[in-house]
$ cat entry.txt   # compact mmCIF, C-alpha atoms and all ligand atoms
# COMPACT_ATOMS: atom_id res chain seq x y z
CA MET A 864 161.66 240.19 132.09
CA SER A 865 158.41 240.72 134.01
CA LYS A 866 158.34 240.03 137.71
CA GLN A 867 156.21 237.17 138.87
CA THR A 868 153.42 238.68 140.95
CA ALA A 869 151.23 235.76 142.00
CA ALA A 870 152.58 232.60 143.54
CA PRO A 871 151.29 229.41 141.90
CA PRO A 872 148.69 227.61 144.02
CA SER A 873 150.33 225.30 146.50
CA ARG A 874 149.86 221.57 146.19
CA ALA A 875 148.18 221.46 149.59
CA GLY A 876 145.82 224.20 148.46
CA ALA A 877 144.79 222.22 145.41
CA GLU A 878 144.10 219.16 147.50
CA GLU A 879 141.98 221.08 150.00
CA GLN A 880 139.80 222.50 147.25
CA SER A 881 138.43 219.15 146.10
CA SER A 882 135.76 217.51 148.17
CA THR A 883 136.46 214.06 146.80
CA SER A 884 140.18 213.49 146.70
CA VAL A 885 141.10 210.73 144.27
CA ILE A 886 144.70 210.55 145.40
CA ASP A 887 145.14 208.55 148.56
CA THR A 888 148.69 207.74 149.51
CA PRO A 889 148.87 205.76 152.75
CA ALA A 890 152.17 205.94 154.60
CA GLU A 891 152.30 202.18 154.89
CA VAL A 892 150.28 199.23 153.70
CA ASP A 893 147.44 198.10 156.00
CA ARG A 894 147.14 194.50 154.74
CA LYS A 895 143.92 193.73 156.60
CA GLN A 896 142.22 196.83 155.29
CA LEU A 897 143.37 196.02 151.74
CA ALA A 898 142.05 192.47 151.99
CA ARG A 899 138.71 193.76 153.31
CA GLU A 900 138.42 196.23 150.42
CA ARG A 901 139.32 193.54 147.88
CA ASP A 902 136.66 191.18 149.28
CA GLU A 903 134.04 193.93 149.07
CA ILE A 904 134.89 194.56 145.42
CA LYS A 905 134.78 190.82 144.74
CA GLU A 906 131.31 190.56 146.30
CA ARG A 907 130.06 193.43 144.15
CA GLN A 908 131.57 191.76 141.08
CA LYS A 909 129.79 188.49 141.76
CA ASP A 910 126.42 190.28 141.68
CA ARG A 911 127.21 191.18 138.07
CA PHE A 912 127.62 187.65 136.73
CA ALA A 913 124.00 187.34 135.61
CA GLY A 914 123.45 187.74 131.90
CA LEU A 915 126.78 186.27 130.83
CA ASN A 916 127.29 182.60 130.08
CA GLN A 917 130.35 180.57 131.05
CA GLU A 918 132.01 180.98 127.67
CA GLN A 919 131.61 184.77 127.69
CA LEU A 920 132.98 185.07 131.23
CA ILE A 921 136.00 182.93 130.41
CA ASP A 922 136.63 184.95 127.27
CA LEU A 923 136.75 188.20 129.25
CA TYR A 924 139.33 186.62 131.52
CA ARG A 925 141.33 185.23 128.60
CA GLN A 926 141.45 188.62 126.89
CA MET A 927 142.68 190.41 130.00
CA LEU A 928 145.34 187.78 130.52
CA LEU A 929 146.41 188.00 126.88
CA ILE A 930 146.97 191.73 127.28
CA ARG A 931 148.88 191.22 130.54
CA ARG A 932 151.19 188.58 129.07
CA PHE A 933 151.57 190.54 125.84
CA GLU A 934 152.65 193.63 127.78
CA GLU A 935 155.07 191.66 129.96
CA LYS A 936 156.73 190.31 126.82
CA SER A 937 156.78 193.81 125.31
CA ALA A 938 158.65 195.07 128.37
CA GLU A 939 161.22 192.27 127.96
CA ALA A 940 161.61 192.96 124.25
CA TYR A 941 162.01 196.69 124.91
CA VAL A 942 164.82 196.07 127.42
CA ALA A 943 166.44 193.70 124.90
CA GLY A 944 166.47 196.57 122.38
CA LYS A 945 163.97 195.00 119.99
CA ILE A 946 161.45 197.85 120.32
CA GLY A 947 162.46 201.39 119.50
CA GLY A 948 160.89 204.72 120.47
CA PHE A 949 158.35 205.13 123.21
CA CYS A 950 156.45 202.24 124.73
CA HIS A 951 153.59 202.77 127.19
CA LEU A 952 152.30 199.64 128.89
CA TYR A 953 148.71 198.96 129.93
CA ILE A 954 149.37 196.58 132.85
CA GLY A 955 146.75 197.20 135.57
CA GLN A 956 144.19 198.79 133.26
CA GLU A 957 143.18 195.67 131.27
CA ALA A 958 139.62 195.54 132.64
CA VAL A 959 138.82 198.88 131.01
CA ALA A 960 139.56 197.99 127.39
CA VAL A 961 138.26 194.43 127.70
CA GLY A 962 135.05 195.27 129.58
CA ALA A 963 134.23 198.22 127.35
CA ILE A 964 134.99 196.61 123.99
CA SER A 965 133.04 193.48 124.97
CA ALA A 966 129.94 195.69 124.98
CA ILE A 967 130.15 196.75 121.32
CA ASN A 968 130.01 195.11 117.88
CA LYS A 969 132.74 194.48 115.36
CA ASP A 970 131.57 197.32 113.10
CA ASP A 971 131.63 199.89 115.93
CA TYR A 972 134.67 202.15 116.13
CA VAL A 973 137.38 202.43 118.78
CA PHE A 974 139.89 205.25 119.20
CA ALA A 975 142.58 205.23 121.89
CA SER A 976 145.68 207.07 123.09
CA TYR A 977 149.29 205.90 122.81
CA ARG A 978 148.68 203.37 125.65
CA GLU A 979 146.71 201.27 123.21
CA HIS A 980 148.20 197.80 122.68
CA GLY A 981 145.43 196.35 124.86
CA HIS A 982 142.60 198.14 123.06
CA ALA A 983 143.95 196.96 119.71
CA LEU A 984 144.00 193.34 120.91
CA ALA A 985 140.55 193.60 122.50
CA LYS A 986 139.10 195.03 119.27
CA GLY A 987 140.31 191.97 117.40
CA MET A 988 143.77 192.74 116.07
CA SER A 989 146.10 189.75 116.20
CA ALA A 990 148.94 189.56 118.71
CA ARG A 991 151.23 188.97 115.70
CA ALA A 992 150.24 192.23 113.95
CA VAL A 993 150.62 194.28 117.14
CA MET A 994 153.93 192.70 118.20
CA ALA A 995 155.42 193.02 114.70
CA GLU A 996 154.44 196.70 114.70
CA LEU A 997 156.22 197.16 118.04
CA PHE A 998 159.31 195.53 116.53
CA GLY A 999 159.11 197.91 113.54
CA LYS A 1000 158.64 195.05 111.09
CA ALA A 1001 156.98 195.12 107.66
CA THR A 1002 154.32 192.62 108.84
CA GLY A 1003 153.11 194.98 111.57
CA CYS A 1004 149.65 196.53 111.31
CA SER A 1005 151.16 199.86 110.18
CA LYS A 1006 153.89 198.16 108.12
CA GLY A 1007 156.39 198.78 110.90
CA LYS A 1008 156.34 202.53 110.32
CA GLY A 1009 154.17 203.50 113.28
CA GLY A 1010 155.47 201.61 116.29
CA SER A 1011 153.95 201.40 119.75
CA MET A 1012 151.77 204.51 119.54
CA HIS A 1013 150.31 203.87 116.08
CA MET A 1014 148.38 200.63 116.06
CA PHE A 1015 145.62 200.82 113.46
CA ASP A 1016 143.33 198.39 111.66
CA LYS A 1017 140.38 199.70 109.70
CA ASP A 1018 139.05 196.16 109.13
CA VAL A 1019 138.33 195.60 112.82
CA GLY A 1020 137.28 199.22 113.43
CA PHE A 1021 140.35 200.11 115.47
CA LEU A 1022 141.15 203.66 114.36
CA GLY A 1023 144.34 204.25 116.35
CA GLY A 1024 146.68 204.75 118.43
CA HIS A 1025 147.15 208.58 118.89
CA ALA A 1026 150.29 210.16 120.30
CA ILE A 1027 148.94 213.68 120.83
CA VAL A 1028 147.28 213.82 124.25
CA GLY A 1029 143.54 214.27 123.57
CA GLY A 1030 144.07 214.26 119.79
CA GLN A 1031 141.77 211.28 119.34
CA ILE A 1032 138.80 212.97 121.07
CA PRO A 1033 137.72 215.23 118.16
CA LEU A 1034 138.55 212.44 115.69
CA ALA A 1035 136.24 210.02 117.49
CA THR A 1036 133.59 212.73 117.60
CA GLY A 1037 133.95 213.02 113.82
CA ALA A 1038 133.54 209.26 113.38
CA ALA A 1039 130.37 209.40 115.49
CA PHE A 1040 129.19 212.30 113.33
CA ALA A 1041 129.70 210.12 110.24
CA SER A 1042 127.58 207.33 111.76
CA MET A 1043 124.81 209.80 112.65
CA TYR A 1044 124.97 211.41 109.19
CA GLN A 1045 124.86 208.09 107.38
CA GLY A 1046 122.05 206.84 109.60
CA THR A 1047 123.87 203.68 110.75
CA ASP A 1048 123.45 202.46 114.33
CA GLN A 1049 127.21 202.32 114.97
CA VAL A 1050 128.70 203.75 118.14
CA THR A 1051 132.24 205.02 118.72
CA LEU A 1052 134.27 204.38 121.86
CA CYS A 1053 136.90 206.99 122.60
CA PHE A 1054 139.48 206.09 125.28
CA PHE A 1055 141.77 208.74 126.75
CA GLY A 1056 143.65 209.45 129.99
CA GLU A 1057 142.51 211.90 132.64
CA ALA A 1058 145.23 214.39 131.69
CA ALA A 1059 143.58 214.75 128.28
CA VAL A 1060 140.51 216.21 129.99
CA ASN A 1061 142.40 219.48 130.50
CA GLN A 1062 142.73 219.84 126.73
CA GLY A 1063 140.29 222.16 124.98
CA ALA A 1064 139.53 219.44 122.45
CA PHE A 1065 137.74 217.41 125.15
CA HIS A 1066 135.37 220.27 125.96
CA GLU A 1067 134.75 221.23 122.34
CA SER A 1068 133.96 217.62 121.48
CA LEU A 1069 131.52 217.04 124.35
CA ASN A 1070 129.73 220.25 123.51
CA MET A 1071 129.32 219.27 119.85
CA ALA A 1072 128.42 215.66 120.63
CA GLN A 1073 125.48 216.63 122.84
CA LEU A 1074 124.37 219.47 120.59
CA TRP A 1075 124.47 217.39 117.42
CA LYS A 1076 123.37 214.13 119.07
CA LEU A 1077 126.40 212.04 118.28
CA PRO A 1078 126.68 208.41 119.47
CA CYS A 1079 130.14 208.79 120.96
CA ILE A 1080 131.10 207.17 124.27
CA TYR A 1081 133.93 209.07 125.93
CA ILE A 1082 135.86 206.75 128.25
CA CYS A 1083 138.26 208.57 130.52
CA GLU A 1084 140.72 206.07 131.98
CA ASN A 1085 141.54 207.88 135.18
CA ASN A 1086 144.77 206.23 136.34
CA GLN A 1087 145.48 209.32 138.47
CA TYR A 1088 148.71 210.38 136.77
CA GLY A 1089 149.69 212.22 133.61
CA MET A 1090 153.31 211.14 133.26
CA GLY A 1091 154.71 211.98 136.73
CA THR A 1092 152.08 214.57 137.65
CA SER A 1093 149.25 213.52 139.93
CA LEU A 1094 145.73 214.55 139.09
CA ALA A 1095 145.61 216.51 142.34
CA ARG A 1096 148.31 218.87 141.07
CA ALA A 1097 146.82 219.40 137.63
CA MET A 1098 143.02 219.60 137.83
CA SER A 1099 140.76 221.89 139.85
CA LEU A 1100 137.60 219.74 139.59
CA ARG A 1101 138.83 216.19 139.94
CA ASP A 1102 135.50 214.40 139.70
CA ILE A 1103 135.78 214.06 135.96
CA ALA A 1104 132.33 212.55 135.45
CA GLN A 1105 130.88 215.82 136.81
CA LYS A 1106 132.31 217.68 133.85
CA GLY A 1107 129.66 216.09 131.65
CA CYS A 1108 127.09 218.37 133.36
CA ALA A 1109 128.63 221.41 131.69
CA TYR A 1110 127.41 220.09 128.35
CA GLU A 1111 124.41 218.08 129.57
CA VAL A 1112 126.21 214.88 128.60
CA ALA A 1113 125.08 211.85 130.65
CA SER A 1114 127.96 210.60 132.77
CA GLU A 1115 128.91 208.14 135.48
CA PHE A 1116 131.81 206.87 137.58
CA VAL A 1117 132.90 203.31 137.00
CA ASP A 1118 135.20 200.95 138.92
CA GLY A 1119 137.91 200.26 136.37
CA MET A 1120 139.29 197.29 138.32
CA ASP A 1121 136.07 195.35 137.74
CA VAL A 1122 135.73 194.16 134.15
CA LEU A 1123 132.01 193.49 134.60
CA ALA A 1124 131.32 196.95 136.05
CA VAL A 1125 132.99 198.49 133.01
CA ARG A 1126 131.03 196.26 130.64
CA GLU A 1127 127.70 197.13 132.29
CA ALA A 1128 128.35 200.87 132.20
CA VAL A 1129 129.35 200.73 128.53
CA LEU A 1130 126.28 198.63 127.69
CA ARG A 1131 124.12 201.41 129.19
CA ALA A 1132 126.01 204.00 127.17
CA VAL A 1133 125.75 201.92 123.98
CA GLU A 1134 121.99 201.72 124.40
CA ARG A 1135 121.83 205.50 124.79
CA GLY A 1136 124.01 205.87 121.70
CA ARG A 1137 122.05 203.47 119.49
CA LYS A 1138 118.52 204.32 120.63
CA GLN A 1139 118.77 208.05 121.24
CA SER A 1140 121.92 208.92 119.32
CA LEU A 1141 123.36 210.59 122.41
CA PRO A 1142 126.88 210.69 123.85
CA THR A 1143 128.02 209.48 127.30
CA LEU A 1144 131.03 210.35 129.43
CA LEU A 1145 132.37 207.57 131.65
CA GLU A 1146 135.05 208.23 134.23
CA VAL A 1147 136.63 204.86 134.78
CA ARG A 1148 138.88 204.78 137.84
CA THR A 1149 141.87 202.59 137.31
CA TYR A 1150 145.61 202.44 137.99
CA ARG A 1151 148.72 201.64 136.00
CA PHE A 1152 151.08 199.26 137.76
CA MET A 1153 154.08 200.14 135.56
CA GLY A 1154 155.72 203.48 134.82
CA HIS A 1155 154.25 206.02 132.41
CA SER A 1156 156.55 204.63 129.73
CA MET A 1157 159.48 202.24 129.72
CA SER A 1158 161.79 205.14 130.64
CA ASP A 1159 159.96 206.30 133.77
CA PRO A 1160 162.00 206.28 137.03
CA GLY A 1161 158.70 206.36 138.96
CA ASN A 1162 159.84 208.58 141.82
CA TYR A 1163 156.54 210.46 142.11
CA ARG A 1164 154.53 207.77 143.92
CA THR A 1165 155.09 205.40 146.79
CA ARG A 1166 155.48 201.64 146.77
CA ALA A 1167 152.61 201.50 149.30
CA GLU A 1168 150.32 203.21 146.85
CA ILE A 1169 151.20 200.79 144.05
CA GLU A 1170 150.74 197.80 146.36
CA LYS A 1171 147.35 199.11 147.41
CA TYR A 1172 146.12 199.01 143.84
CA GLN A 1173 147.86 195.73 143.03
CA GLU A 1174 145.70 194.23 145.74
CA ARG A 1175 142.78 195.10 143.41
CA ASP A 1176 144.48 193.68 140.33
CA PRO A 1177 141.55 193.27 137.90
CA ILE A 1178 142.81 189.91 136.65
CA LYS A 1179 143.37 188.38 140.09
CA LEU A 1180 140.03 189.75 141.24
CA PHE A 1181 138.18 188.24 138.30
CA SER A 1182 139.90 184.85 138.49
CA ALA A 1183 139.02 184.67 142.20
CA SER A 1184 135.38 185.46 141.38
CA LEU A 1185 135.35 182.87 138.58
CA LEU A 1186 136.74 180.24 140.95
CA GLU A 1187 134.27 181.07 143.72
CA ARG A 1188 131.34 180.89 141.30
CA LYS A 1189 132.73 177.58 139.98
CA ILE A 1190 132.84 178.93 136.43
CA VAL A 1191 136.39 177.56 136.22
CA ASP A 1192 138.69 175.42 138.33
CA GLU A 1193 142.44 175.86 138.85
CA LYS A 1194 143.19 173.44 136.03
CA ARG A 1195 141.14 175.47 133.54
CA LEU A 1196 142.88 178.69 134.63
CA GLU A 1197 146.23 177.01 134.07
CA GLU A 1198 145.17 175.90 130.58
CA ILE A 1199 144.11 179.44 129.68
CA ASP A 1200 147.44 180.77 130.92
CA GLN A 1201 149.33 178.25 128.79
CA GLN A 1202 147.24 179.05 125.72
CA VAL A 1203 147.81 182.79 126.16
CA ARG A 1204 151.55 182.38 126.75
CA HIS A 1205 151.75 180.29 123.60
CA GLU A 1206 149.93 182.99 121.59
CA VAL A 1207 152.30 185.69 122.84
CA GLU A 1208 155.41 183.60 122.22
CA ASP A 1209 154.17 182.89 118.72
CA ALA A 1210 153.73 186.65 118.18
CA VAL A 1211 157.28 187.34 119.34
CA ARG A 1212 158.68 184.62 117.07
CA PHE A 1213 156.67 186.01 114.15
CA ALA A 1214 157.91 189.55 114.84
CA ASP A 1215 161.51 188.38 115.24
CA GLU A 1216 161.46 186.48 111.95
CA SER A 1217 159.65 189.18 109.94
CA PRO A 1218 161.61 191.50 107.62
CA LEU A 1219 162.18 195.20 108.19
CA PRO A 1220 160.27 197.54 105.84
CA GLU A 1221 162.00 198.27 102.52
CA PRO A 1222 163.48 201.80 102.19
CA GLU A 1223 160.91 202.57 99.44
CA GLU A 1224 158.19 202.27 102.07
CA LEU A 1225 159.26 205.70 103.30
CA TYR A 1226 157.20 207.17 100.49
CA THR A 1227 154.02 205.12 100.90
CA ASP A 1228 151.06 205.91 103.18
CA VAL A 1229 152.24 209.49 103.64
CA TYR A 1230 150.03 211.50 101.28
CA ALA A 1231 146.71 210.67 99.62
CA ASN A 1232 148.47 211.42 96.32
CA PRO A 1233 151.81 209.69 96.86
CA ILE A 1234 155.09 211.40 96.08
CA ASP A 1235 156.99 209.99 93.13
CA PRO A 1236 160.35 208.99 94.71
CA SER A 1237 162.18 209.47 91.38
CA ARG A 1238 161.54 213.24 91.68
CA ASN A 1239 163.98 213.43 94.57
CA ARG A 1240 166.85 211.74 92.77
C1 LIG B 1 149.40 217.69 123.30
C2 LIG B 1 150.43 216.91 124.06
N1 LIG B 1 150.99 217.46 125.15
C3 LIG B 1 151.93 216.78 125.87
C4 LIG B 1 152.29 215.52 125.47
C5 LIG B 1 153.32 214.73 126.30
N2 LIG B 1 152.61 213.70 127.07
C6 LIG B 1 152.62 212.42 126.64
S1 LIG B 1 151.73 211.45 127.66
C7 LIG B 1 151.32 212.70 128.67
C8 LIG B 1 150.46 212.45 129.88
C9 LIG B 1 149.07 212.03 129.57
O1 LIG B 1 148.45 211.43 130.68
P1 LIG B 1 147.01 210.83 130.62
O2 LIG B 1 146.18 211.55 129.62
O3 LIG B 1 146.49 210.78 132.01
O4 LIG B 1 147.21 209.35 130.06
P2 LIG B 1 148.05 208.15 130.68
O5 LIG B 1 149.45 208.29 130.19
O6 LIG B 1 147.93 208.23 132.14
O7 LIG B 1 147.42 206.92 130.10
C10 LIG B 1 151.89 213.88 128.24
C11 LIG B 1 151.74 215.16 128.92
C12 LIG B 1 151.69 214.97 124.32
N3 LIG B 1 151.98 213.75 123.89
N4 LIG B 1 150.74 215.67 123.65
MG MG B 2 146.62 209.26 133.37
$ encode --input "entry.txt" --output "structure tokens"
Amino acid sequence: MSKQTAAPPSRAGAEEQSSTSVIDTPAEVDRKQLARERDEIKERQKDRFAGLNQEQLIDLYRQMLLIRRFEEKSAEAYVAGKIGGFCHLYIGQEAVAVGAISAINKDDYVFASYREHGHALAKGMSARAVMAELFGKATGCSKGKGGSMHMFDKDVGFLGGHAIVGGQIPLATGAAFASMYQGTDQVTLCFFGEAAVNQGAFHESLNMAQLWKLPCIYICENNQYGMGTSLARAMSLRDIAQKGCAYEVASEFVDGMDVLAVREAVLRAVERGRKQSLPTLLEVRTYRFMGHSMSDPGNYRTRAEIEKYQERDPIKLFSASLLERKIVDEKRLEEIDQQVRHEVEDAVRFADESPLPEPEELYTDVYANPIDPSRNR
């Protein structure tokens, strides 16, 4: 066995190398400071209300709340043993999927990672189809054979749900190539976590997208952790938006806790995609409030850090802005909450009552030319 000659870079060393540290772990919570920061974000958000009518603003709120309540129910169902396999929740990141997908059309494409229940709902899949898929039922969007990481619905342009970290990035690039080749004005949104940026596929895709002028919008949801590993321990250049420069891809940082900031940035990218057929890289800074998956002990970050980001909860922030701007009152917020809870409960009931897939389904949707099951008897 060869002797190890060079010590791996120390964690402190990695942190010193970056000029703009993303990770900030205060020893304890400074409530006043947190409240000040939240108010600043809220003020910035209110400047972004122009251009959206009351109905559109309320719908953004409703969608984020639907995802939140859907995910809370998923967690309950998982603990009750109704959901098998892995299950990665999106709680805390709702503003990213909702803001971004609100900026595109129904016939545009969306690709996402395994943390994709929210993107599927925002793209127009029903809560019933997503919940039934989680429960492994025949009425699920993938006939109960995919589960949490494999939501898919061609009819609404939601092209997955991908379990391989970064696997969706070249696929989305291919979809954007198809749109360019066919001369449509469709754009493709590709969501992925910051850990996927270290995959070669990210770099290959950005290079091709700029070179071949592909209308692909790469949305890096930087929640600062890849499983239990902080970005600071895994990436030398942590300002992910800067990486676009290497391929001359236009890029920007976006506040992922502000649904309107995300929407505005994606609208700019969509215009670039449709008018100039060019890609964009967005680094959207966000945070997941739950563990990486349902089986995460979470001992790699502090409670203070989680509380800091919960203070910027995108849903609470937006409801406070809506109230201050008198777009809604408390009664209207309560009605929306009831409506959303009802929709999620209906989805759970539907999933509970749906049948499991038949054993014969093992042979369908596997190959383009299906196997004849009788050959194996
Ligand atoms: C190619 C590959 N390597 C490793 C894994 C195991 N894995 C699953 S999730 C994950 C972390 C990804 O983190 P990130 O891209 O930041 O997304 P997040 O979970 O934070 O949304 C890893 C390493 C995998 N699924 N695929
Ligand atoms: Mg991450």
$ atom_distance --input "entry.txt" --atom1 "atom CA of A:Lys1006" --atom2 "atom CA of A:Ser1217"
10.8 Å
$ residues_near_ligand --input "entry.txt" --ligand "ligand MG 2 (chain B)" --cutoff "6 Å" --atoms "all atoms listed in the file" --output "PyMOL selection string"
chain A and resi 1056-1058+1085-1089
$ closest_atom_pairs --input "entry.txt" --of "chain A" --to "ligand LIG 1 (chain B)" --cutoff "10 Å" --atoms "all atoms listed in the file" --output "CSV"
residue,atom,partner,partner_atom,distance
A:Phe949,CA,B:LIG1,C6,9.9
A:His951,CA,B:LIG1,O5,7.5
A:Leu952,CA,B:LIG1,O7,8.8
A:Tyr953,CA,B:LIG1,O7,8.1
A:Gln956,CA,B:LIG1,O7,9.3
A:Ala975,CA,B:LIG1,O7,9.7
A:Ser976,CA,B:LIG1,O7,7.2
A:Tyr977,CA,B:LIG1,O7,7.6
A:Arg978,CA,B:LIG1,O7,5.8
A:Glu979,CA,B:LIG1,O7,8.9
A:His1025,CA,B:LIG1,N3,8.7
A:Ala1026,CA,B:LIG1,N3,5.4
A:Ile1027,CA,B:LIG1,N4,3.9
A:Val1028,CA,B:LIG1,N4,4.0
A:Gly1029,CA,B:LIG1,C1,6.8
A:Gly1030,CA,B:LIG1,C1,7.2
A:Phe1054,CA,B:LIG1,O7,9.3
A:Phe1055,CA,B:LIG1,O2,6.0
A:Gly1056,CA,B:LIG1,O2,3.3
A:Glu1057,CA,B:LIG1,O3,4.2
A:Ala1058,CA,B:LIG1,O2,3.6
A:Ala1059,CA,B:LIG1,O2,4.3
A:Val1060,CA,B:LIG1,O2,7.3
A:Asn1061,CA,B:LIG1,O2,8.8
A:Gln1062,CA,B:LIG1,C1,7.8
A:Cys1083,CA,B:LIG1,O2,8.5
A:Glu1084,CA,B:LIG1,O7,7.0
A:Asn1085,CA,B:LIG1,O3,6.6
A:Asn1086,CA,B:LIG1,O6,5.6
A:Gln1087,CA,B:LIG1,O3,6.7
A:Tyr1088,CA,B:LIG1,O6,5.2
A:Gly1089,CA,B:LIG1,O1,3.3
A:Met1090,CA,B:LIG1,C8,4.6
A:Gly1091,CA,B:LIG1,C8,8.1
A:Thr1092,CA,B:LIG1,C8,8.2
A:Ser1093,CA,B:LIG1,O3,8.8
A:Leu1094,CA,B:LIG1,O3,8.1
A:Thr1149,CA,B:LIG1,O6,9.8
A:Tyr1150,CA,B:LIG1,O6,8.6
A:Arg1151,CA,B:LIG1,O6,7.7
A:Gly1154,CA,B:LIG1,O5,9.2
A:His1155,CA,B:LIG1,O5,5.8
A:Ser1156,CA,B:LIG1,O5,8.0
$ closest_residue --input "entry.txt" --among "A:Val1050, A:Leu1034, A:Ile954, A:Ile930" --to "A:Arg1137" --atoms "only C-alpha atoms"
A:Val1050
$ closest_residue --input "entry.txt" --among "A:Met1012, A:Ala1041, A:Val1019, A:Val1207" --to "A:Trp1075" --atoms "only C-alpha atoms"
A:Ala1041
$ decode --input "entry.txt" --residues "stretch 1185-1197 of chain A" --atoms "N, CA and C atoms" --output "tab-separated table (two decimals), in the first residue's frame"
chain	number	residue	atom	x	y	z
A	1185	LEU	N	-47.20	40.67	1.97
A	1185	LEU	CA	-48.56	40.74	1.41
A	1185	LEU	C	-49.50	41.48	2.37
A	1186	LEU	N	-49.33	41.22	3.66
A	1186	LEU	CA	-50.17	41.89	4.66
A	1186	LEU	C	-49.86	43.39	4.69
A	1187	GLU	N	-48.57	43.71	4.72
A	1187	GLU	CA	-48.18	45.13	4.80
A	1187	GLU	C	-48.65	45.91	3.59
A	1188	ARG	N	-48.62	45.26	2.42
A	1188	ARG	CA	-49.07	45.94	1.19
A	1188	ARG	C	-50.59	45.87	1.02
A	1189	LYS	N	-51.25	45.26	2.00
A	1189	LYS	CA	-52.72	45.12	1.99
A	1189	LYS	C	-53.23	44.36	0.75
A	1190	ILE	N	-52.42	43.41	0.30
A	1190	ILE	CA	-52.85	42.53	-0.80
A	1190	ILE	C	-53.81	41.49	-0.23
A	1191	VAL	N	-53.54	41.11	1.02
A	1191	VAL	CA	-54.43	40.16	1.74
A	1191	VAL	C	-54.62	40.66	3.16
A	1192	ASP	N	-55.64	40.12	3.83
A	1192	ASP	CA	-55.74	40.33	5.28
A	1192	ASP	C	-55.61	38.96	5.95
A	1193	GLU	N	-55.60	38.96	7.28
A	1193	GLU	CA	-55.39	37.70	8.01
A	1193	GLU	C	-56.44	36.65	7.63
A	1194	LYS	N	-57.66	37.13	7.41
A	1194	LYS	CA	-58.75	36.20	7.10
A	1194	LYS	C	-58.47	35.47	5.78
A	1195	ARG	N	-58.00	36.23	4.79
A	1195	ARG	CA	-57.69	35.64	3.48
A	1195	ARG	C	-56.54	34.63	3.61
A	1196	LEU	N	-55.55	34.96	4.41
A	1196	LEU	CA	-54.43	34.03	4.61
A	1196	LEU	C	-54.93	32.72	5.22
A	1197	GLU	N	-55.85	32.86	6.17
A	1197	GLU	CA	-56.41	31.69	6.84
A	1197	GLU	C	-57.19	30.83	5.83
